[in-house]
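Worksheet for the structure shown next.
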Amino acid sequence: MTDATINSDHSESAFSGTAMSHDDHNHEGGSDRPVLLAIGVILVVYILATIAGWTKPATAHVAAEAAHGEAAHADEAHAAAGEHAAAGETHGDAAPSGDHGHSHPAPHMFAVIPFIALLGAIAVFPLLGFTAHWWESNRNRFLVAVILAGITLLYYAVMYVEAGFGAALTRLDHAILKEYIPFIVLLFSLYVISGGIRIEGDMAAHPGTNAVFLMVGGLLASFIGTTGAAMLLVRPLIETNKERKYVQHTVVFFIFVVCNCGGLLLPIGDPPLFLGYLEGVDFLWTMRNLWMPWLMVNTTLIVMFYLADKFYFYPKETVSDVARDETEITPLRIRGLMPNALLLIGVILSVALLDPQKPFPGTDWHPFVYLREVVQLVLVGLSLALGSQAVRSDNKFNYHAIVEVAALFVGIFICMQPALELLNLHGPTLGIDTPQKFFWITGSLSAVLDNAPTYLVFFRTADAQYTGHKLVEMLHHVGSPDAVEASIKLMAISLGAVFMGAMTYIGNGPNFMVRAIAEESGVRMPSFFGYVLFYSVPILLPVMIVMSLIFLR
């Protein structure tokens, strides 16, 4: 995801940066009442749309999929297999980026320029002195994203081979309705609900204590998301280490494990994996196939941290600092666990069970379109209404980071449509045909760009290599050589996007959030290049090399 700035000094509107008044539903980020009102309106509109029959799943496609043996419906069944989880009705044009029949002409290469420009802005603008402050405003980020998205849609409306309003509308439908809405609602749900839980206390900052923080965070990251786990644990970690002078390495390893490598086991762990889930990857595929690399990488990093902290950094602490650390202890306690823990479980269940493409377990009933997203928003509403506002205030919770992601990804999902279509057409000829190539190319780009669209680009590249079939279809041919090949390619793409997002601050959103919180708390963090040169390259990169040689042969 994208970089985010945490502002704990004053309350501001997440979008405009203007001051907001406080009331009984206020906290660091302003009032929750507009959010609750919006959720209520969405719920009412959804109920009315369901009564009107507008949210029924695409039963024609479901029937075609069940009757795939009939030649008359073979093509229809194939199209149904490629529908996204959010798709609910048959649209005039098939989603172009998922069309293996290549019925749409390829866009021109220059159509990807807005996509490259947007990713470049995300990577470069925060680092340049004359744009860094301007880029901090979510309004300006949204402005850039919308302008570049508008240029992309204008290309389809005016300059594309099959130019017209319908061509632009088809891409808008595919990008926003089928991908963006499920993506951003899940992130929003995890972000808001986890923001209602606070772990506080000051334990002795022994190397073992810090290692336990990393272990707990690495496990939680797969179940409440890397952003949720990072926001939940970074402040108690810093509070525990406040008496120590050598803390920088602890926060960096926290970024490695909790903000990135820990979120590999479920689609809700990291945004790239959720995009794969929307493409049709089974909910538990990541856990079944990636648990060994997850265990190896996170265990290795935690052991490396423990040894470095115990034998190098901790002995460098002064006697007086160690004495203060041992005596200034407050008991660990968790506030806001109820009802938010139950609500987080509800989010996980909604993702696993309410997929419109699949019947509800044990039944023939297909969930209504967007029912999953509406359930998640209702859970957010319950968290805001029933949870403690004092906890959110103490967490300095605000909507700035999630609004940033929402603002930028509107543009990303639209601007990347030409790139996805080109990869669908030309993917088999690019020479990216081995797991090692998929891992290192996906990983390298995930380190310097955003790992979510990078994952999707190379997912589609692998998908295009199976003529007449889809990558996710090949995964179901258990035991066949094609299934094994497809599985290891998807493993490589997933591992590259999730693990290598830790290589830089801009590889994944929580990286920047944790850095900002640490610096606000007095921890001197390395610069962008210092992080890469002194931590990522000498520590994380060798682990990635060994992991790839073991699991991606």
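Residues are referred to by chain and number: the chain letter is A, B, ... according to the order shown in the structure tokens, the number counts from 1 in that chain, and ligands are numbered separately from 1 in the order shown.
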Region 100-184 of chain A: residues DSSP assigns to helix (DSSP H, G or I), reported as a VMD selection string: chain A and resid 109 to 127 129 to 135 138 to 159 165 to 184
So that I can see what lies close to Val161 (chain A), please list as a compact mmCIF listing (two decimals) with N, CA, C and O atoms, in the first residue's frame the residues with an atom at most 9 Å from it, counting only C-alpha atoms and leaving out residues fewer than 6 positions away in the same chain.
```txt
# COMPACT_ATOMS: atom_id res chain seq x y z
N PRO A 105 -9.28 -5.30 -28.80
CA PRO A 105 -7.97 -4.90 -29.30
C PRO A 105 -7.08 -4.41 -28.16
O PRO A 105 -7.57 -3.86 -27.16
N ALA A 106 -5.79 -4.58 -28.33
CA ALA A 106 -4.85 -4.12 -27.30
C ALA A 106 -4.77 -2.61 -27.29
O ALA A 106 -4.78 -1.98 -28.35
N PRO A 107 -4.70 -1.99 -26.13
CA PRO A 107 -4.46 -0.54 -26.08
C PRO A 107 -3.04 -0.24 -26.52
O PRO A 107 -2.17 -1.11 -26.51
N HIS A 108 -2.79 1.00 -26.87
CA HIS A 108 -1.45 1.41 -27.25
C HIS A 108 -0.55 1.45 -26.02
O HIS A 108 -1.02 1.67 -24.90
```
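The closest residue to Tyr535 (chain A), picked from A:Val523, A:Met159, A:Ala502, A:Leu37 and counting only C-alpha atoms, is A:Ala502.
For Pro428 (chain A), the set of protein, DNA and RNA residues having any atom at most 12 Å away, when counting only C-alpha atoms and skipping those fewer than 4 positions along the same chain, is His100, Leu422, Leu423, Asn424, Ile432, Asp433, Thr434, Phe458, Arg460, Thr461, Ala462, Asp463, Ala464, Gln465, Tyr466 and Thr467 of chain A.
The residue that comes closest to Gly120 (chain A), out of A:Leu445, A:His104, A:Thr327, A:Leu190 and on the basis of only C-alpha atoms, is A:Leu445.
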I'd like the contact shell of region 137-148 of chain A - 8 Å cut-off, only C-alpha atoms, skipping same-chain residues fewer than 4 positions apart - returned as an MDAnalysis selection string. chainID A and resid 14:17 114:115 117:118 133 152 400 403:404 407:412 415
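Checking A:Pro57, A:Ala486, A:Val35, A:Gly336 one by one against Lys358 (chain A), counting only C-alpha atoms, you find the shortest gap at A:Pro57.
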Long-range neighbours of Tyr156 (chain A) as an MDAnalysis selection string, 9 Å cut-off, only C-alpha atoms, 5 positions minimum in chain: chainID A and resid 107 111 151 161:169 171
Just write the chosen residues, N, CA and C atoms, as a PDB file, in the first residue's frame.
```pdb
ATOM      1  N   PRO A 107      -4.704  -1.990 -26.126  1.00  0.00           N
ATOM      2  CA  PRO A 107      -4.464  -0.541 -26.078  1.00  0.00           C
ATOM      3  C   PRO A 107      -3.037  -0.235 -26.516  1.00  0.00           C
ATOM      4  N   ALA A 111      -0.710   4.185 -23.421  1.00  0.00           N
ATOM      5  CA  ALA A 111      -1.848   4.247 -22.508  1.00  0.00           C
ATOM      6  C   ALA A 111      -1.461   3.908 -21.073  1.00  0.00           C
ATOM      7  N   ILE A 151      -7.460  10.819 -17.509  1.00  0.00           N
ATOM      8  CA  ILE A 151      -6.714  10.711 -18.763  1.00  0.00           C
ATOM      9  C   ILE A 151      -6.834   9.301 -19.332  1.00  0.00           C
ATOM     10  N   VAL A 161      -8.862   1.924 -30.150  1.00  0.00           N
ATOM     11  CA  VAL A 161      -9.331   1.374 -31.425  1.00  0.00           C
ATOM     12  C   VAL A 161     -10.847   1.263 -31.447  1.00  0.00           C
ATOM     13  N   GLU A 162     -11.430   0.812 -30.341  1.00  0.00           N
ATOM     14  CA  GLU A 162     -12.882   0.721 -30.226  1.00  0.00           C
ATOM     15  C   GLU A 162     -13.385   1.836 -29.319  1.00  0.00           C
ATOM     16  N   ALA A 163     -12.899   3.055 -29.577  1.00  0.00           N
ATOM     17  CA  ALA A 163     -13.187   4.192 -28.704  1.00  0.00           C
ATOM     18  C   ALA A 163     -14.681   4.465 -28.607  1.00  0.00           C
ATOM     19  N   GLY A 164     -15.060   4.924 -27.430  1.00  0.00           N
ATOM     20  CA  GLY A 164     -16.449   5.274 -27.204  1.00  0.00           C
ATOM     21  C   GLY A 164     -16.756   5.297 -25.721  1.00  0.00           C
ATOM     22  N   PHE A 165     -17.903   5.844 -25.399  1.00  0.00           N
ATOM     23  CA  PHE A 165     -18.316   5.919 -23.997  1.00  0.00           C
ATOM     24  C   PHE A 165     -18.415   4.522 -23.381  1.00  0.00           C
ATOM     25  N   GLY A 166     -18.891   3.543 -24.160  1.00  0.00           N
ATOM     26  CA  GLY A 166     -19.025   2.183 -23.656  1.00  0.00           C
ATOM     27  C   GLY A 166     -17.693   1.570 -23.276  1.00  0.00           C
ATOM     28  N   ALA A 167     -16.655   1.817 -24.078  1.00  0.00           N
ATOM     29  CA  ALA A 167     -15.334   1.266 -23.766  1.00  0.00           C
ATOM     30  C   ALA A 167     -14.812   1.835 -22.453  1.00  0.00           C
ATOM     31  N   ALA A 168     -14.968   3.157 -22.258  1.00  0.00           N
ATOM     32  CA  ALA A 168     -14.519   3.771 -21.012  1.00  0.00           C
ATOM     33  C   ALA A 168     -15.338   3.263 -19.825  1.00  0.00           C
ATOM     34  N   LEU A 169     -16.654   3.117 -20.019  1.00  0.00           N
ATOM     35  CA  LEU A 169     -17.523   2.661 -18.941  1.00  0.00           C
ATOM     36  C   LEU A 169     -17.203   1.232 -18.529  1.00  0.00           C
ATOM     37  N   ARG A 171     -14.262  -0.236 -18.586  1.00  0.00           N
ATOM     38  CA  ARG A 171     -13.048  -0.222 -17.740  1.00  0.00           C
ATOM     39  C   ARG A 171     -13.351   0.363 -16.365  1.00  0.00           C
TER      40      ARG A 171
END
```
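With only C-alpha atoms as the atoms that count, the residue of A:Met338, A:Tyr370, A:Phe311, A:Glu200 with the shortest distance to Thr50 (chain A) is A:Tyr370.
For the choices A:Gly522, A:Gly381, A:Gly280, A:Gly150, the atom-to-atom distance to Asn340 (chain A) is smallest for A:Gly381 when using only C-alpha atoms.
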Leu332 (chain A) surroundings by only C-alpha atoms, 12 Å radius, close-in-sequence under 6 positions cut, as a ChimeraX atom specification: /A:198-204,236-237,239-240
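Interatomic distance, CA of Ser350 (chain A) to CA of Val374 (chain A): 9.7 Å.
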Do you know which residues are at most 12 Å from Leu386 (chain A) counting only C-alpha atoms, after dropping those on the same chain fewer than 5 positions away, and could you put them as a JSON list (two decimals) with C-alpha atoms, in the first residue's frame?
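Full text of out_16.json as output:
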```json
[["chain", "number", "residue", "atom", "x", "y", "z"],
["A", 25, "HIS", "CA", -18.07, 10.58, 19.45],
["A", 32, "ASP", "CA", -17.40, 9.39, 13.92],
["A", 36, "LEU", "CA", -21.97, 6.16, 11.11],
["A", 193, "ILE", "CA", -12.01, -1.98, 14.09],
["A", 196, "GLY", "CA", -10.58, 0.45, 18.79],
["A", 336, "GLY", "CA", -11.34, -2.29, 23.88],
["A", 337, "LEU", "CA", -10.94, -6.01, 23.17],
["A", 338, "MET", "CA", -14.69, -6.40, 23.36],
["A", 339, "PRO", "CA", -16.57, -6.03, 21.13],
["A", 340, "ASN", "CA", -13.78, -5.41, 18.62],
["A", 343, "LEU", "CA", -16.07, -7.90, 15.13],
["A", 378, "VAL", "CA", -22.07, -2.86, 9.59],
["A", 379, "LEU", "CA", -19.32, -4.38, 11.74],
["A", 380, "VAL", "CA", -17.42, -1.08, 11.48],
["A", 381, "GLY", "CA", -20.53, 0.77, 12.58],
["A", 391, "VAL", "CA", -9.47, 4.00, 23.61]]
```
Region 223-346 of chain A: which residues are strand (DSSP E) by DSSP, as a ChimeraX atom specification? /A:330-335
Using the selection just defined, write its residues with N, CA, C and O atoms as an mmCIF file, in the first residue's frame.
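As a result, again_1.cif now contains:
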```
data_model
loop_
_atom_site.group_PDB
_atom_site.id
_atom_site.type_symbol
_atom_site.label_atom_id
_atom_site.label_comp_id
_atom_site.auth_asym_id
_atom_site.auth_seq_id
_atom_site.Cartn_x
_atom_site.Cartn_y
_atom_site.Cartn_z
ATOM 1 N N THR A 330 4.911 -0.963 34.342
ATOM 2 C CA THR A 330 3.468 -0.947 34.587
ATOM 3 C C THR A 330 2.861 -2.199 33.967
ATOM 4 O O THR A 330 3.334 -2.673 32.919
ATOM 5 N N PRO A 331 1.840 -2.758 34.594
ATOM 6 C CA PRO A 331 1.269 -4.022 34.086
ATOM 7 C C PRO A 331 0.701 -3.865 32.672
ATOM 8 O O PRO A 331 0.161 -2.813 32.311
ATOM 9 N N LEU A 332 0.814 -4.905 31.902
ATOM 10 C CA LEU A 332 0.257 -4.931 30.558
ATOM 11 C C LEU A 332 -1.254 -5.143 30.646
ATOM 12 O O LEU A 332 -1.734 -5.997 31.377
ATOM 13 N N ARG A 333 -2.006 -4.343 29.903
ATOM 14 C CA ARG A 333 -3.450 -4.544 29.854
ATOM 15 C C ARG A 333 -3.963 -4.210 28.454
ATOM 16 O O ARG A 333 -3.344 -3.429 27.721
ATOM 17 N N ILE A 334 -5.082 -4.826 28.124
ATOM 18 C CA ILE A 334 -5.699 -4.631 26.818
ATOM 19 C C ILE A 334 -7.058 -3.986 27.026
ATOM 20 O O ILE A 334 -7.892 -4.495 27.779
ATOM 21 N N ARG A 335 -7.284 -2.887 26.356
ATOM 22 C CA ARG A 335 -8.563 -2.183 26.434
ATOM 23 C C ARG A 335 -9.250 -2.248 25.073
ATOM 24 O O ARG A 335 -8.613 -2.254 24.035
#
```
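Between CA of Pro126 (chain A) and CA of Lys245 (chain A) the separation is 27.9 Å.
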Just how far from CA of Met296 (chain A) is CA of Ile545 (chain A), in Å to one decimal? 12.3 Å
Between A:Gly53, A:Pro34, A:Pro538, A:Pro526, single out the one closest to Val247 (chain A), counting only C-alpha atoms. A:Pro526
